Every structure is written in C-alpha cells, then in structure tokens.
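Asks: Following this line is final-v7.json, made up of JSON, C-alpha atoms:
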```
[["chain", "number", "residue", "atom", "x", "y", "z"],
["T", 1, "LEU", "CA", -91.91, 81.48, 167.21],
["T", 2, "GLN", "CA", -88.83, 82.88, 165.50],
["T", 3, "ASP", "CA", -85.50, 82.34, 167.28],
["T", 4, "GLY", "CA", -87.37, 82.05, 170.58],
["T", 5, "VAL", "CA", -89.42, 85.25, 170.06],
["T", 6, "ALA", "CA", -93.16, 84.96, 169.52],
["T", 7, "LEU", "CA", -94.21, 86.77, 166.35],
["T", 8, "ASP", "CA", -96.92, 88.58, 168.35],
["T", 9, "ASP", "CA", -94.72, 89.68, 171.28],
["T", 10, "GLU", "CA", -94.87, 93.39, 170.44],
["T", 11, "PRO", "CA", -92.68, 94.74, 173.27],
["T", 12, "VAL", "CA", -89.83, 92.33, 172.45],
["T", 13, "LEU", "CA", -90.16, 92.81, 168.68],
["T", 14, "GLY", "CA", -90.21, 96.61, 169.10],
["T", 15, "ALA", "CA", -87.11, 96.50, 171.29],
["T", 16, "ILE", "CA", -85.28, 94.40, 168.70],
["T", 17, "ALA", "CA", -86.30, 96.79, 165.90],
["T", 18, "ARG", "CA", -85.01, 99.77, 167.91],
["T", 19, "THR", "CA", -81.76, 98.09, 168.96],
["T", 20, "TYR", "CA", -80.19, 97.17, 165.62],
["T", 21, "ASP", "CA", -79.48, 99.59, 162.79],
["T", 22, "ILE", "CA", -80.29, 98.48, 159.27],
["T", 23, "ALA", "CA", -77.70, 99.37, 156.63],
["T", 24, "PHE", "CA", -76.92, 98.60, 153.02],
["T", 25, "GLY", "CA", -73.57, 97.75, 151.46],
["T", 26, "HIS", "CA", -72.00, 97.29, 148.09],
["T", 27, "VAL", "CA", -70.50, 94.33, 146.31],
["T", 28, "GLU", "CA", -67.15, 95.44, 144.92],
["T", 29, "GLY", "CA", -67.55, 97.00, 141.48],
["T", 30, "ASP", "CA", -71.34, 97.33, 141.72],
["T", 31, "PRO", "CA", -72.73, 100.85, 142.30],
["T", 32, "VAL", "CA", -76.07, 99.48, 143.55],
["T", 33, "PRO", "CA", -76.12, 98.59, 147.27],
["T", 34, "ARG", "CA", -77.19, 94.93, 147.21],
["T", 35, "ARG", "CA", -76.02, 93.78, 150.65],
["T", 36, "VAL", "CA", -78.25, 94.19, 153.72],
["T", 37, "PHE", "CA", -76.99, 94.33, 157.29],
["T", 38, "ILE", "CA", -78.74, 94.27, 160.64],
["T", 39, "GLY", "CA", -76.18, 95.53, 163.11],
["T", 40, "ASP", "CA", -72.94, 93.84, 162.07],
["T", 41, "ASP", "CA", -74.63, 90.77, 160.57],
["T", 42, "GLU", "CA", -75.19, 90.43, 156.83],
["T", 43, "VAL", "CA", -78.75, 89.20, 156.20],
["T", 44, "THR", "CA", -78.96, 89.63, 152.42],
["T", 45, "ALA", "CA", -79.87, 86.01, 151.70],
["T", 46, "ALA", "CA", -81.83, 85.37, 154.90],
["T", 47, "ILE", "CA", -84.39, 88.13, 154.30],
["T", 48, "ARG", "CA", -85.45, 86.63, 150.96],
["T", 49, "THR", "CA", -86.50, 83.23, 152.31],
["T", 50, "ALA", "CA", -90.07, 81.94, 152.48],
["T", 51, "GLU", "CA", -89.76, 81.72, 156.28],
["T", 52, "ILE", "CA", -89.09, 85.47, 156.50],
["T", 53, "ASP", "CA", -91.82, 86.24, 153.94],
["T", 54, "ARG", "CA", -94.32, 84.43, 156.19],
["T", 55, "ALA", "CA", -93.17, 86.38, 159.26],
["T", 56, "VAL", "CA", -93.25, 89.83, 157.64],
["T", 57, "SER", "CA", -96.98, 90.56, 157.93],
["T", 58, "PRO", "CA", -97.47, 89.56, 161.59],
["T", 59, "VAL", "CA", -94.27, 91.27, 162.75],
["T", 60, "SER", "CA", -94.83, 94.40, 160.67],
["T", 61, "ALA", "CA", -98.35, 94.76, 162.11],
["T", 62, "ALA", "CA", -96.90, 95.50, 165.57],
["T", 63, "PRO", "CA", -97.08, 99.29, 166.15],
["T", 64, "ALA", "CA", -93.75, 99.34, 168.04],
["T", 65, "VAL", "CA", -92.01, 97.61, 165.11],
["T", 66, "ARG", "CA", -93.62, 99.92, 162.56],
["T", 67, "GLU", "CA", -92.52, 103.00, 164.50],
["T", 68, "ALA", "CA", -88.93, 101.79, 164.87],
["T", 69, "LEU", "CA", -88.62, 100.74, 161.24],
["T", 70, "LEU", "CA", -90.25, 103.93, 159.97],
["T", 71, "ASP", "CA", -87.46, 105.87, 161.68],
["T", 72, "GLN", "CA", -84.86, 103.59, 160.08],
["T", 73, "GLN", "CA", -86.42, 103.81, 156.61],
["T", 74, "ARG", "CA", -86.50, 107.58, 156.74],
["T", 75, "ARG", "CA", -82.93, 107.72, 158.06],
["T", 76, "ILE", "CA", -81.72, 105.55, 155.18],
["T", 77, "GLY", "CA", -83.89, 107.17, 152.49],
["T", 78, "ASN", "CA", -83.08, 110.73, 153.49],
["T", 79, "ALA", "CA", -79.35, 110.00, 153.22],
["T", 80, "GLY", "CA", -79.50, 110.19, 149.41],
["T", 81, "ASP", "CA", -81.57, 109.93, 146.25],
["T", 82, "TYR", "CA", -83.01, 106.40, 146.10],
["T", 83, "VAL", "CA", -85.59, 104.31, 144.34],
["T", 84, "VAL", "CA", -87.25, 102.45, 147.21],
["T", 85, "GLU", "CA", -89.59, 99.48, 147.34],
["T", 86, "GLY", "CA", -92.03, 98.53, 150.05],
["T", 87, "ARG", "CA", -95.70, 98.18, 150.83],
["T", 88, "ASP", "CA", -96.26, 101.47, 152.66],
["T", 89, "ILE", "CA", -93.49, 103.53, 151.10],
["T", 90, "GLY", "CA", -96.00, 105.66, 149.19],
["T", 91, "THR", "CA", -98.39, 106.30, 152.06],
["T", 92, "VAL", "CA", -96.37, 106.35, 155.24],
["T", 93, "VAL", "CA", -92.61, 106.49, 154.67],
["T", 94, "PHE", "CA", -92.25, 108.62, 151.53],
["T", 95, "PRO", "CA", -95.69, 109.78, 150.39],
["T", 96, "ASP", "CA", -94.56, 110.73, 146.84],
["T", 97, "ALA", "CA", -93.61, 107.18, 145.81],
["T", 98, "ALA", "CA", -94.99, 105.34, 142.76],
["T", 99, "THR", "CA", -96.14, 101.68, 142.68],
["T", 100, "ALA", "CA", -96.34, 98.82, 140.14],
["T", 101, "SER", "CA", -99.10, 96.26, 139.43],
["T", 102, "ASP", "CA", -99.27, 92.98, 141.36],
["T", 103, "GLU", "CA", -98.28, 91.06, 138.25],
["T", 104, "GLU", "CA", -95.31, 93.29, 137.51],
["T", 105, "ARG", "CA", -94.17, 93.14, 141.15],
["T", 106, "ALA", "CA", -94.38, 89.33, 141.03],
["T", 107, "HIS", "CA", -92.39, 89.19, 137.76],
["T", 108, "ARG", "CA", -89.74, 91.44, 139.30],
["T", 109, "ARG", "CA", -89.57, 89.34, 142.48],
["T", 110, "VAL", "CA", -89.17, 86.14, 140.45],
["T", 111, "ARG", "CA", -86.36, 87.75, 138.41],
["T", 112, "GLN", "CA", -84.69, 88.92, 141.65],
["T", 113, "ASN", "CA", -85.02, 85.43, 143.12],
["T", 114, "VAL", "CA", -83.52, 83.86, 139.97],
["T", 115, "ASP", "CA", -80.63, 86.35, 139.97],
["T", 116, "ARG", "CA", -79.93, 85.81, 143.66],
["T", 117, "GLY", "CA", -80.60, 82.08, 143.71],
["T", 118, "ILE", "CA", -82.89, 82.60, 146.72],
["T", 119, "GLY", "CA", -86.65, 82.25, 147.14],
["T", 120, "SER", "CA", -89.35, 80.89, 144.91],
["T", 121, "ILE", "CA", -89.10, 81.21, 141.13],
["T", 122, "ASP", "CA", -92.67, 79.97, 140.62],
["T", 123, "TYR", "CA", -94.56, 83.02, 139.31],
["T", 124, "ASP", "CA", -97.99, 81.83, 140.49],
["T", 125, "GLU", "CA", -96.66, 81.11, 143.99],
["T", 126, "VAL", "CA", -94.93, 84.49, 144.22],
["T", 127, "LEU", "CA", -98.03, 86.32, 142.92],
["T", 128, "ALA", "CA", -100.31, 84.49, 145.38],
["T", 129, "ASP", "CA", -97.98, 85.26, 148.28],
["T", 130, "LEU", "CA", -97.72, 88.90, 147.25],
["T", 131, "ARG", "CA", -101.52, 89.21, 147.08],
["T", 132, "ARG", "CA", -101.92, 87.40, 150.42],
["T", 133, "ARG", "CA", -99.50, 89.85, 152.04],
["T", 134, "ASP", "CA", -101.24, 92.81, 150.39],
["T", 135, "ALA", "CA", -104.61, 91.65, 151.76],
["T", 136, "ALA", "CA", -103.21, 91.15, 155.26],
["T", 137, "ASP", "CA", -101.35, 94.45, 155.17],
["T", 138, "SER", "CA", -104.37, 96.36, 153.80],
["T", 139, "SER", "CA", -106.58, 95.23, 156.65],
["T", 140, "ARG", "CA", -104.21, 95.76, 159.59],
["T", 141, "ALA", "CA", -105.09, 98.38, 162.21],
["T", 142, "THR", "CA", -101.70, 100.14, 162.18],
["T", 143, "ALA", "CA", -100.60, 101.86, 158.95],
["T", 144, "PRO", "CA", -102.75, 99.82, 156.57],
["T", 145, "LEU", "CA", -101.51, 99.43, 153.00],
["T", 146, "ARG", "CA", -103.19, 101.91, 150.66],
["T", 147, "PRO", "CA", -102.13, 104.26, 147.87],
["T", 148, "ALA", "CA", -101.57, 107.88, 148.86],
["T", 149, "ASP", "CA", -104.24, 110.33, 147.71],
["T", 150, "ASP", "CA", -101.64, 112.32, 145.77],
["T", 151, "ALA", "CA", -99.53, 109.38, 144.58],
["T", 152, "VAL", "CA", -98.07, 109.55, 141.08],
["T", 153, "HIS", "CA", -98.87, 106.31, 139.26],
["T", 154, "ILE", "CA", -96.25, 105.03, 136.84],
["T", 155, "ASP", "CA", -97.24, 101.94, 134.90],
["T", 156, "SER", "CA", -93.90, 100.27, 134.34],
["T", 157, "THR", "CA", -95.34, 96.95, 133.18],
["T", 158, "SER", "CA", -94.10, 96.99, 129.57],
["T", 159, "HIS", "CA", -91.10, 99.26, 129.98],
["T", 160, "TYR", "CA", -87.41, 98.69, 130.41],
["T", 161, "ILE", "CA", -85.92, 99.84, 133.70],
["T", 162, "GLU", "CA", -84.05, 102.65, 131.91],
["T", 163, "GLU", "CA", -87.36, 104.04, 130.61],
["T", 164, "VAL", "CA", -88.87, 103.97, 134.09],
["T", 165, "ILE", "CA", -85.81, 105.66, 135.56],
["T", 166, "ASP", "CA", -86.02, 108.38, 132.89],
["T", 167, "GLN", "CA", -89.69, 108.95, 133.72],
["T", 168, "ILE", "CA", -88.99, 109.12, 137.48],
["T", 169, "CYS", "CA", -86.13, 111.55, 136.93],
["T", 170, "SER", "CA", -88.32, 113.72, 134.70],
["T", 171, "LEU", "CA", -91.04, 113.81, 137.38],
["T", 172, "ALA", "CA", -88.44, 114.67, 140.02],
["T", 173, "ARG", "CA", -87.09, 117.54, 137.89],
["T", 174, "GLU", "CA", -90.62, 118.87, 137.35],
["T", 175, "ALA", "CA", -91.32, 118.70, 141.09],
["T", 176, "ARG", "CA", -88.24, 120.78, 141.92]]
```
In structure tokens, what does this structure look like?
Replies:
Amino acid sequence: LQDGVALDDEPVLGAIARTYDIAFGHVEGDPVPRRVFIGDDEVTAAIRTAEIDRAVSPVSAAPAVREALLDQQRRIGNAGDYVVEGRDIGTVVFPDAATASDEERAHRRVRQNVDRGIGSIDYDEVLADLRRRDAADSSRATAPLRPADDAVHIDSTSHYIEEVIDQICSLAREAR
C-alpha cells in the first residue's frame, strides 16, 4: 500500500496518473530543469527515495498507468529538444533514444544521489537495484523493456558528458 492505494489497483493508479500533470522547473540560475512537480506539488526529493524505487516496477506495469504516463512523457518531450532518461524511452516513448551500460547507469545514479543528498550512494546496492528493476521490467506483459531494433548505441562509459553531448548533436544533425 502507498498512501492508502494498493500498488496493484490498476483503475485507481491509472486515474491518478491521468489526473495530475507532471512538469519540470528550474532552480534560479540553472538552465537545466532539476525540479519535478506533480500537479502543484514539488516531488523532486520524494521520487528519488528507496520507497519510490521499490514501487516503480509494480506501478509502472499497470497498462492504465503506462498509457497515461506515455502521453505525459510525449507531451513533455515534444515541447523541446531534450536528453531523456528512462527504461522504455528508446522502445516506446521516443524510439530513437540511446542507452548506457548497467554499470555506467549505476555510476551516474550514485553521482546524482551524492549531488542531491538523496538515495543510496552504495554502488553495489544501486547496481543490484537497477538490474532487479531491469529484469522485472523486461519480463512484464505491457511494454516490456527492450532495445529498439533501430536504436543507436552510444557507449558513454569512458567519456565526459560534453563528449557525449557532442556525439548526440552530431547524430541529430546527420538525421536531419
């Protein structure tokens, strides 16, 4: 149960996902939108907790939730040029997305958690949780996690973010 809602109550979870808009906001002086809102409530810190991490797979497996959030992701993503992260971004939401290795994703999550002061900073714990979620998400009936057939793979493991951005921009220019 989460706030009185069973994590497998698809009709209620779907209604919640359709009712509240997700939006991003800026911290003054920072061009990257780092604040997350659901409706009028800021949830930036809350969505990075272990409790939410544990609830993500069962809630996201509900077809009604997936449908509602897919609409929101596309609405947000189509509003501008973004680098987006997520488990089914490359197969369902935006089929041209690139992905990183498990180890690199875990390193990035640990760095994010350190920077934000939220969530685990234990690399092995973060990697194990990431792999557990990948396994659960890969075997679900609705929109299972898998790479797109035409996905562009960018191995960003040993590169600085600026190098990866340059490579993405180059690929985007070539695609136009």
Asks: Considering all atoms listed in the file, can you say which of T:Thr49, T:Thr44, T:Gln73, T:Ser57 comes closest to T:Ile118?
Replies: T:Thr49
Asks: From the set T:Glu10, T:Glu28, T:Asp53, T:Asp40, which residue has the shortest atom-to-atom contact distance to T:Ser120, counting all atoms listed in the file?
Replies: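 Among the listed residues, the smallest separation from T:Ser120 belongs to T:Asp53.
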Asks: Quick one, how far is atom CA of T:Ala62 from atom CA of T:Val5?
Replies: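 So the two atoms, atom CA of T:Ala62 and atom CA of T:Val5, lie 13.5 Å apart.
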Asks: With only C-alpha atoms as the basis for distance, which of T:Val56, T:Ala79, T:Asp30, T:Phe94 is at the shortest distance from T:Asp150?
Replies: T:Phe94
Asks: I'd like the contact shell of T:Gly39 - 7 Å cut-off, only C-alpha atoms, skipping same-chain residues fewer than 5 positions apart - returned as an NGL selection string.
Replies: :T and (20-22)
